[in-house]
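Q: File name work.cif; file contents mmCIF, C-alpha atoms; full text below.
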data_model
loop_
_atom_site.label_atom_id
_atom_site.label_comp_id
_atom_site.auth_asym_id
_atom_site.auth_seq_id
_atom_site.Cartn_x
_atom_site.Cartn_y
_atom_site.Cartn_z
CA MET P 9 108.53 47.61 68.78
CA SER P 10 106.33 46.97 65.75
CA ASP P 11 108.07 43.58 65.29
CA LEU P 12 106.61 42.54 68.62
CA GLY P 13 103.13 43.50 67.53
CA TYR P 14 102.90 46.68 69.60
CA GLN P 15 101.60 49.89 68.11
CA CYS P 16 102.71 53.28 69.42
CA LYS P 17 99.72 55.52 70.00
CA ASP P 18 100.06 59.24 69.39
CA VAL P 19 98.32 61.11 72.17
CA GLY P 20 98.96 64.47 70.51
CA LYS P 21 100.31 67.59 72.09
CA PRO P 22 99.92 67.97 75.85
CA THR P 23 97.25 70.36 77.09
CA ARG P 24 98.09 70.37 80.80
CA TYR P 25 101.20 70.47 82.87
CA LEU P 26 101.13 70.37 86.69
CA GLY P 27 97.58 71.71 86.77
CA ALA P 28 98.22 74.60 84.42
CA GLU P 29 96.91 74.64 80.90
CA ILE P 30 99.58 74.73 78.25
CA ALA P 31 99.37 75.45 74.55
CA GLU P 32 101.57 76.65 71.75
CA HIS P 33 101.56 80.38 71.28
CA GLU P 34 102.62 82.05 68.09
CA ILE P 35 104.69 85.21 68.11
CA ARG P 36 105.67 87.14 65.03
CA GLY P 37 109.37 87.98 65.19
CA ALA P 38 110.94 91.24 64.06
CA ASP P 39 111.97 89.56 60.80
CA GLY P 40 108.34 88.68 60.01
CA THR P 41 108.64 84.95 60.67
CA ASP P 42 106.33 83.22 63.12
CA HIS P 43 107.75 81.46 66.14
CA LYS P 44 105.86 78.94 68.23
CA PHE P 45 106.49 78.78 71.95
CA TRP P 46 104.83 76.92 74.79
CA SER P 47 102.71 79.06 77.06
CA MET P 48 101.07 78.58 80.44
CA PHE P 49 97.69 80.02 81.34
CA ALA P 50 94.79 79.61 83.74
CA GLU P 51 91.79 80.32 81.50
CA GLN P 52 89.82 77.22 82.37
CA TYR P 53 90.41 77.57 86.10
CA LEU P 54 89.39 81.24 86.00
CA LYS P 55 86.25 80.41 84.02
CA LEU P 56 85.22 78.16 86.89
CA ALA P 57 86.47 80.39 89.71
CA ILE P 58 85.04 83.75 88.62
CA PRO P 59 81.37 82.59 88.40
CA THR P 60 81.54 81.21 91.96
CA VAL P 61 82.69 84.62 93.17
CA GLU P 62 79.97 86.27 91.08
CA ASP P 63 77.28 84.05 92.58
CA GLN P 64 78.38 85.02 96.05
CA GLN P 65 78.58 88.73 95.29
CA GLY P 66 75.40 89.13 93.30
CA ASP P 67 74.62 91.31 90.30
CA SER P 68 76.61 94.36 91.29
CA PHE P 69 79.82 92.38 90.93
CA GLY P 70 78.75 90.64 87.73
CA LYS P 71 78.16 94.01 86.06
CA CYS P 72 81.51 95.51 87.03
CA ARG P 73 83.78 95.78 84.04
CA GLY P 74 86.84 97.47 82.79
CA VAL P 75 89.06 98.11 85.77
CA LYS P 76 92.47 99.20 84.53
CA THR P 77 94.62 97.82 87.35
CA PRO P 78 94.16 94.78 89.61
CA VAL P 79 94.27 96.96 92.74
CA GLU P 80 93.45 100.71 92.92
CA SER P 81 96.72 102.42 92.08
CA GLY P 82 98.20 104.15 95.13
CA TYR P 83 96.16 101.96 97.49
CA ARG P 84 97.89 101.41 100.82
CA PRO P 85 96.39 98.28 102.36
CA GLU P 86 98.39 98.68 105.58
CA LEU P 87 96.83 102.14 106.18
CA ASP P 88 93.29 100.95 105.48
CA GLU P 89 91.08 101.79 108.47
CA THR P 90 87.73 100.51 107.27
CA ASP P 91 85.79 98.08 109.48
CA THR P 92 87.25 94.65 110.08
CA LEU P 93 85.31 91.78 108.56
CA ASP P 94 83.29 89.39 110.70
CA ASP P 95 84.41 85.75 110.99
CA TYR P 96 82.28 84.53 108.13
CA LYS P 97 83.52 87.18 105.72
CA ALA P 98 87.13 86.86 106.89
CA ASN P 99 86.91 83.19 106.04
CA TYR P 100 85.55 84.10 102.62
CA TYR P 101 88.42 86.58 102.14
CA GLN P 102 90.93 83.84 102.92
CA SER P 103 89.34 81.52 100.38
CA LEU P 104 89.53 84.27 97.73
CA ILE P 105 93.24 84.72 98.46
CA GLY P 106 93.65 80.95 98.16
CA ILE P 107 92.07 81.02 94.70
CA LEU P 108 94.30 83.90 93.61
CA GLN P 109 97.45 82.23 94.90
CA TRP P 110 96.66 79.21 92.77
CA VAL P 111 96.04 81.48 89.76
CA VAL P 112 99.53 82.99 90.25
CA GLU P 113 100.94 79.48 90.52
CA LEU P 114 99.34 78.58 87.19
CA GLY P 115 101.38 81.25 85.44
CA ARG P 116 99.65 84.58 86.03
CA ILE P 117 102.71 86.19 87.56
CA GLU P 118 101.63 89.75 86.76
CA ILE P 119 99.38 89.74 89.84
CA ALA P 120 101.90 88.00 92.11
CA PHE P 121 102.70 91.18 94.04
CA GLU P 122 99.06 92.23 94.46
CA VAL P 123 98.08 88.79 95.73
CA SER P 124 100.97 88.44 98.15
CA THR P 125 100.33 91.93 99.52
CA MET P 126 96.63 91.24 100.06
CA ALA P 127 97.52 87.87 101.63
CA GLN P 128 99.40 89.72 104.39
CA PHE P 129 95.99 90.70 105.79
CA ASN P 130 94.61 87.18 105.92
CA CYS P 131 94.31 87.08 109.70
CA ASN P 132 92.51 90.40 110.14
CA PRO P 133 91.05 91.54 106.81
CA ARG P 134 89.08 94.79 106.49
CA THR P 135 86.27 95.81 104.16
CA GLY P 136 88.73 97.72 101.96
CA HIS P 137 90.93 94.67 101.58
CA LEU P 138 87.96 92.55 100.51
CA ARG P 139 86.88 95.21 98.02
CA ASN P 140 90.33 95.30 96.42
CA THR P 141 90.62 91.52 96.35
CA LEU P 142 87.30 91.35 94.51
CA ARG P 143 88.66 94.00 92.18
CA ILE P 144 91.50 91.63 91.26
CA PHE P 145 88.82 89.16 90.14
CA ILE P 146 87.11 91.83 88.02
CA TRP P 147 90.49 92.64 86.45
CA LEU P 148 91.16 88.94 85.79
CA LYS P 149 87.75 88.70 84.09
CA GLY P 150 88.97 91.29 81.60
CA HIS P 151 92.33 89.58 81.13
CA ILE P 152 91.24 85.97 81.23
CA LYS P 153 93.31 84.82 78.26
CA SER P 154 96.65 86.31 79.29
CA LYS P 155 99.50 83.81 78.85
CA LEU P 156 102.96 83.29 80.25
CA VAL P 157 105.03 82.53 77.17
CA MET P 158 108.24 80.49 77.34
CA ASP P 159 110.05 82.50 74.69
CA CYS P 160 113.32 80.74 73.90
CA ARG P 161 114.83 83.53 71.79
CA LYS P 162 117.84 85.35 73.16
CA ARG P 163 117.67 89.04 73.92
CA ASP P 164 120.02 91.44 72.28
CA MET P 165 122.34 92.56 75.06
CA ASP P 166 124.66 94.63 72.85
CA GLN P 167 122.32 97.60 73.12
CA PHE P 168 122.99 97.83 76.88
CA ASP P 169 126.08 99.32 78.35
CA PHE P 170 127.75 96.98 80.84
CA PRO P 171 130.72 98.81 82.31
CA GLU P 172 133.85 96.70 82.70
CA TYR P 173 136.65 97.30 85.16
CA ASN P 174 139.57 95.36 86.48
CA TRP P 175 138.58 93.85 89.81
CA THR P 176 141.65 91.75 90.54
CA CYS P 177 143.13 94.08 93.17
CA TYR P 178 139.86 94.11 95.13
CA TYR P 179 138.86 90.45 94.86
CA PRO P 180 141.96 88.54 93.70
CA CYS P 181 140.52 85.08 94.37
CA ALA P 182 137.02 85.66 93.02
CA ALA P 183 135.91 82.77 90.81
CA GLU P 184 132.60 81.19 90.00
CA VAL P 185 131.94 77.78 91.55
CA ILE P 186 132.06 75.20 88.79
CA PRO P 187 130.71 71.74 89.68
CA ASP P 188 133.54 69.15 89.64
CA ASP P 189 131.35 66.38 88.26
CA MET P 190 129.79 68.60 85.62
CA PRO P 191 128.84 66.81 82.38
CA CYS P 192 130.23 68.10 79.11
CA PRO P 193 127.88 70.91 78.02
CA LEU P 194 126.05 70.18 74.77
CA GLY P 195 123.61 72.03 72.55
CA GLU P 196 122.92 75.71 72.23
CA SER P 197 124.04 78.01 74.99
CA VAL P 198 121.52 79.91 77.09
CA GLN P 199 121.53 83.45 78.39
CA ASN P 200 120.60 84.39 82.00
CA THR P 201 118.92 87.70 82.67
CA VAL P 202 117.83 89.11 86.02
CA PHE P 203 115.64 92.13 86.71
CA ALA P 204 115.83 93.40 90.26
CA ASN P 205 114.02 96.22 91.96
CA ALA P 206 113.44 97.25 95.54
CA SER P 207 110.97 99.50 97.21
CA PHE P 208 112.75 100.76 100.32
CA ALA P 209 110.62 100.90 103.49
CA ALA P 210 107.51 100.48 101.35
CA ASN P 211 105.25 99.40 104.18
CA MET P 212 104.09 102.60 105.91
CA VAL P 213 103.43 100.83 109.23
CA THR P 214 106.32 98.41 109.69
CA ARG P 215 108.72 100.18 107.29
CA LYS P 216 109.63 96.88 105.73
CA SER P 217 111.04 96.88 102.21
CA VAL P 218 109.89 94.94 99.21
CA THR P 219 112.27 93.29 96.76
CA GLY P 220 111.18 92.03 93.38
CA ILE P 221 113.43 89.73 91.35
CA LEU P 222 112.52 88.25 88.01
CA THR P 223 114.87 85.69 86.47
CA PHE P 224 114.89 84.73 82.81
CA VAL P 225 116.62 81.96 80.88
CA ASN P 226 116.73 83.36 77.35
CA GLY P 227 113.26 84.95 77.07
CA SER P 228 111.44 82.64 79.47
CA PRO P 229 110.58 83.88 82.94
CA ILE P 230 111.44 81.04 85.31
CA MET P 231 111.58 82.51 88.83
CA MET X 25 120.03 82.77 93.45
CA VAL X 26 121.69 83.36 90.08
CA GLU X 27 124.71 81.38 91.22
CA ALA X 28 122.51 78.44 92.18
CA LEU X 29 120.64 78.62 88.86
CA ARG X 30 123.87 78.66 86.90
CA TYR X 31 125.24 75.76 88.94
CA LYS X 32 122.07 73.79 88.22
CA LEU X 33 122.13 74.54 84.49
CA ARG X 34 125.76 73.46 84.35
CA MET X 35 124.90 70.20 86.09
CA PHE X 36 122.20 69.66 83.44
CA GLY X 37 124.90 70.04 80.80
CA VAL X 38 123.54 73.31 79.44
CA PRO X 39 126.21 75.69 78.13
CA LEU X 40 125.93 79.24 79.46
CA ASP X 41 126.34 82.31 77.35
CA GLY X 42 128.62 84.65 79.33
CA PRO X 43 127.74 86.20 82.67
CA ALA X 44 124.13 86.70 83.80
CA ASN X 45 122.80 90.14 82.86
CA ALA X 46 121.35 91.99 85.84
CA PHE X 47 119.18 95.09 85.53
CA CYS X 48 118.69 97.30 88.58
CA ASP X 49 116.94 100.63 88.82
CA ASN X 50 119.01 102.04 91.65
CA GLN X 51 122.01 104.05 90.45
CA ARG X 52 123.92 103.58 93.70
CA VAL X 53 123.56 99.82 93.65
CA VAL X 54 124.70 99.75 90.04
CA LEU X 55 127.73 101.88 90.91
CA ASN X 56 128.65 99.70 93.87
CA SER X 57 128.60 96.64 91.73
CA THR X 58 130.25 98.05 88.63
CA LEU X 59 132.89 100.46 89.88
CA PRO X 60 135.54 98.62 91.91
CA SER X 61 136.57 101.68 93.96
CA SER X 62 133.05 102.69 95.08
CA THR X 63 132.31 102.32 98.77
CA LEU X 64 129.16 102.12 100.85
CA LYS X 65 127.75 105.47 101.93
CA LYS X 66 125.73 106.17 105.05
CA LYS X 67 122.48 106.17 103.11
CA GLN X 68 123.02 102.70 101.71
CA ASN X 69 123.25 99.58 103.78
CA SER X 70 123.78 96.69 101.52
CA VAL X 71 123.81 93.33 103.26
CA ASN X 72 125.30 91.61 100.26
CA TYR X 73 127.77 94.32 99.27
CA HIS X 74 130.81 92.04 99.06
CA LYS X 75 128.86 89.03 97.86
CA VAL X 76 127.56 90.88 94.82
CA ARG X 77 130.88 92.58 94.10
CA SER X 78 132.85 89.34 94.22
CA CYS X 79 130.28 87.75 91.86
CA VAL X 80 130.87 90.61 89.44
CA ALA X 81 134.64 90.15 89.82
CA ALA X 82 134.26 86.42 89.17
CA GLY X 83 132.26 87.06 86.00
CA THR X 84 129.08 85.43 87.31
CA ILE X 85 126.95 88.52 86.70
CA ARG X 86 127.27 91.90 85.09
CA VAL X 87 125.11 94.77 86.25
CA THR X 88 123.60 97.74 84.49
CA LYS X 89 120.89 100.29 85.15
CA GLU X 90 117.42 99.97 83.73
CA PRO X 91 115.15 102.82 84.86
CA GLY X 92 111.99 102.04 86.84
CA GLU X 93 109.78 103.07 83.89
CA THR X 94 110.84 100.05 81.86
CA ASN X 95 112.16 97.65 84.49
CA THR X 96 109.90 94.58 84.51
CA SER X 97 110.53 93.88 88.16
CA ASP X 98 108.58 97.04 89.08
CA LEU X 99 105.55 94.81 88.63
CA LEU X 100 106.64 92.90 91.71
CA THR X 101 107.24 95.76 94.10
CA LYS X 102 104.42 98.28 93.83
CA PHE X 103 100.81 98.87 92.83
CA LEU X 104 101.27 100.56 89.48
CA VAL X 105 99.19 103.06 87.54
CA ALA X 106 97.20 101.70 84.63
CA HIS X 107 99.41 102.46 81.62
CA LYS X 108 102.56 101.27 83.35
CA GLU X 109 100.89 98.10 84.58
CA SER X 110 99.85 97.11 81.07
CA GLN X 111 103.16 98.20 79.55
CA LEU X 112 105.24 96.13 81.97
CA SER X 113 103.02 93.08 82.04
CA LYS X 114 103.26 92.97 78.23
CA GLN X 115 106.96 92.23 78.66
CA VAL X 116 106.21 88.94 80.39
CA MET X 117 102.61 88.10 79.49
CA HIS X 118 101.02 87.80 76.06
#
For this file, produce the structure as structure tokens.
A:
Amino acid sequence: MSDLGYQCKDVGKPTRYLGAEIAEHEIRGADGTDHKFWSMFAEQYLKLAIPTVEDQQGDSFGKCRGVKTPVESGYRPELDETDTLDDYKANYYQSLIGILQWVVELGRIEIAFEVSTMAQFNCNPRTGHLRNTLRIFIWLKGHIKSKLVMDCRKRDMDQFDFPEYNWTCYYPCAAEVIPDDMPCPLGESVQNTVFANASFAANMVTRKSVTGILTFVNGSPIM
Amino acid sequence: MVEALRYKLRMFGVPLDGPANAFCDNQRVVLNSTLPSSTLKKKQNSVNYHKVRSCVAAGTIRVTKEPGETNTSDLLTKFLVAHKESQLSKQVMH
């Protein structure tokens, strides 16, 4: 390239990816060495979003600090019987949920369940729902810097007991589907880990269950 | 979902390190998917009973129990109390 008289410019490390802020995050490993991993966070977006909510809510909201959980623990939104919000406030509630859904999208997955639960009441929100949604914002104000780190270290699976049995008499033909046109695998191998949990008939009104699945590739949460 | 992810990684040319490790907090589910001779009981109705078991037989996943106290996915199914919330979110967030 330089022979042709072109100069490559170095634009430095990226700071944004698909709307989310990204930066390198340092973690000290068990052996005392520092590892650098990419992390996703929504600090800048929250710094813009929270003041707009504060302006709307006035001083009482601005002074609230130090909630320990995003939503009151043990709160049952489906059993909430407080007054329903008028059209104007319902619209405001929906816009708050919209903001929170984008925050989850930007990497704040620890409030994913709270936000999706509160979003179920979008069409007929009540005062209690609005109060708890605002509480999520107060909680986010206290945890504004929290990051989703793409940790590429493998986890030690030897400490867990995975029972092994012979399955051939039950499922003689069981085999994993391997793509026929698969390229030759190169580089370091990766480890898949899945955490699954279900809350059976969790909704007290409809008796619907909730399933939570978190998928990791090495130490990075990806789904 | 895990099958699709593994298929995709393979198509990218990424080598996989053994079966996917699955952590559940329900003892019955773990038994159904680890012990070949276990059968469904009246209390459990698993839609994917055979699907999961044949994946285990094929070596796609291996299942073990991780109690609710430390299982990260608890974050995604209930409103937690304060200490548990912070303890679990520390496993994914920094």
Q: Excluding segment 198-214 of chain P and residues on its chain fewer than 2 positions from it, collect all residues at most 7 Å away from it, counting only C-alpha atoms, and give them as a PyMOL selection string.
A: (chain P and resi 86+162+196+216-226) or (chain X and resi 39-41+44-49+95-98+101)
Q: Which of these, P:Glu51, P:Glu34, P:Glu89, P:Asp95, has the shortest distance to chain X once you count all atoms listed in the file?
A: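 Checking each candidate against chain X, we get P:Glu34 as the closest.
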Q: Translate the PyMOL selection byres ((chain P and resi 104) around 12) into a concrete residue list for this structure, as a ChimeraX atom specification.
A: /P:57-58,60-62,64,97-103,105-111,123,126-127,130,133,137-145
Q: By how many Å are atom CA of His151 of chain P and atom CA of Ile30 of chain P apart?
A: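 Atom CA of Ile30 of chain P lies 16.8 Å from atom CA of His151 of chain P.
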Q: I need the output of the PyMOL selection byres ((chain P and resi 40-45) around 12) for this file as a compact mmCIF listing (two decimals) with C-alpha atoms, in the coordinates of the input; which residues are they?
A:
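The file below, out38.txt, is the result:
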# COMPACT_ATOMS: atom_id res chain seq x y z
CA ILE P 30 99.58 74.73 78.25
CA ALA P 31 99.37 75.45 74.55
CA GLU P 32 101.57 76.65 71.75
CA HIS P 33 101.56 80.38 71.28
CA GLU P 34 102.62 82.05 68.09
CA ILE P 35 104.69 85.21 68.11
CA ARG P 36 105.67 87.14 65.03
CA GLY P 37 109.37 87.98 65.19
CA ALA P 38 110.94 91.24 64.06
CA ASP P 39 111.97 89.56 60.80
CA TRP P 46 104.83 76.92 74.79
CA SER P 47 102.71 79.06 77.06
CA MET P 48 101.07 78.58 80.44
CA LYS P 155 99.50 83.81 78.85
CA LEU P 156 102.96 83.29 80.25
CA VAL P 157 105.03 82.53 77.17
CA MET P 158 108.24 80.49 77.34
CA ASP P 159 110.05 82.50 74.69
CA CYS P 160 113.32 80.74 73.90
CA ARG P 161 114.83 83.53 71.79
CA GLY P 227 113.26 84.95 77.07
CA SER P 228 111.44 82.64 79.47
CA HIS X 118 101.02 87.80 76.06
Q: So that I can check the surroundings of Leu59 of chain X, please list as a PyMOL selection string every protein, DNA and RNA residue that reaches within 10 Å of it, counting only C-alpha atoms and ignoring chain neighbours fewer than 3 positions away.
A: (chain P and resi 171-175) or (chain X and resi 54-56+62-63+77)
Q: Can you tell me which residues surround segment 180-190 of chain P at a distance of at most 12 Å, considering all atoms listed in the file, apart from same-chain residues fewer than 3 positions away, and format the answer as a ChimeraX atom specification?
A: /P:174-177,193-194 /X:26-40,42-44,74-85
Q: Which distance in Å separates atom CA of Ile117 of chain P and atom CA of Ala50 of chain P, to one decimal?
A: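 Result for atom CA of Ile117 of chain P versus atom CA of Ala50 of chain P: 11.0 Å, one decimal.
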Q: Please compute the atom CA of Glu80 of chain P-atom CA of Met117 of chain X distance, one decimal, in Å.
A: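 Separation of atom CA of Glu80 of chain P and atom CA of Met117 of chain X: 20.6 Å.
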Q: Please determine, counting all atoms listed in the file, which residue among P:Glu122, P:Asp169, P:Asp164, P:Asp91 has the shortest atom-to-atom distance to Lys102 of chain X.
A: P:Glu122
Q: Which one of X:Gln51, X:Ser61, X:Met25, X:His107 sits closest to Tyr179 of chain P if you count only C-alpha atoms?
A: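 Residue with the minimum atom-to-atom distance to Tyr179 of chain P: X:Ser61.
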Q: Closest to Glu29 of chain P among P:Tyr14, P:Phe49, P:Phe129, P:Tyr96, using only C-alpha atoms?
A: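 Using only C-alpha atoms, Glu29 of chain P sits closest to P:Phe49.
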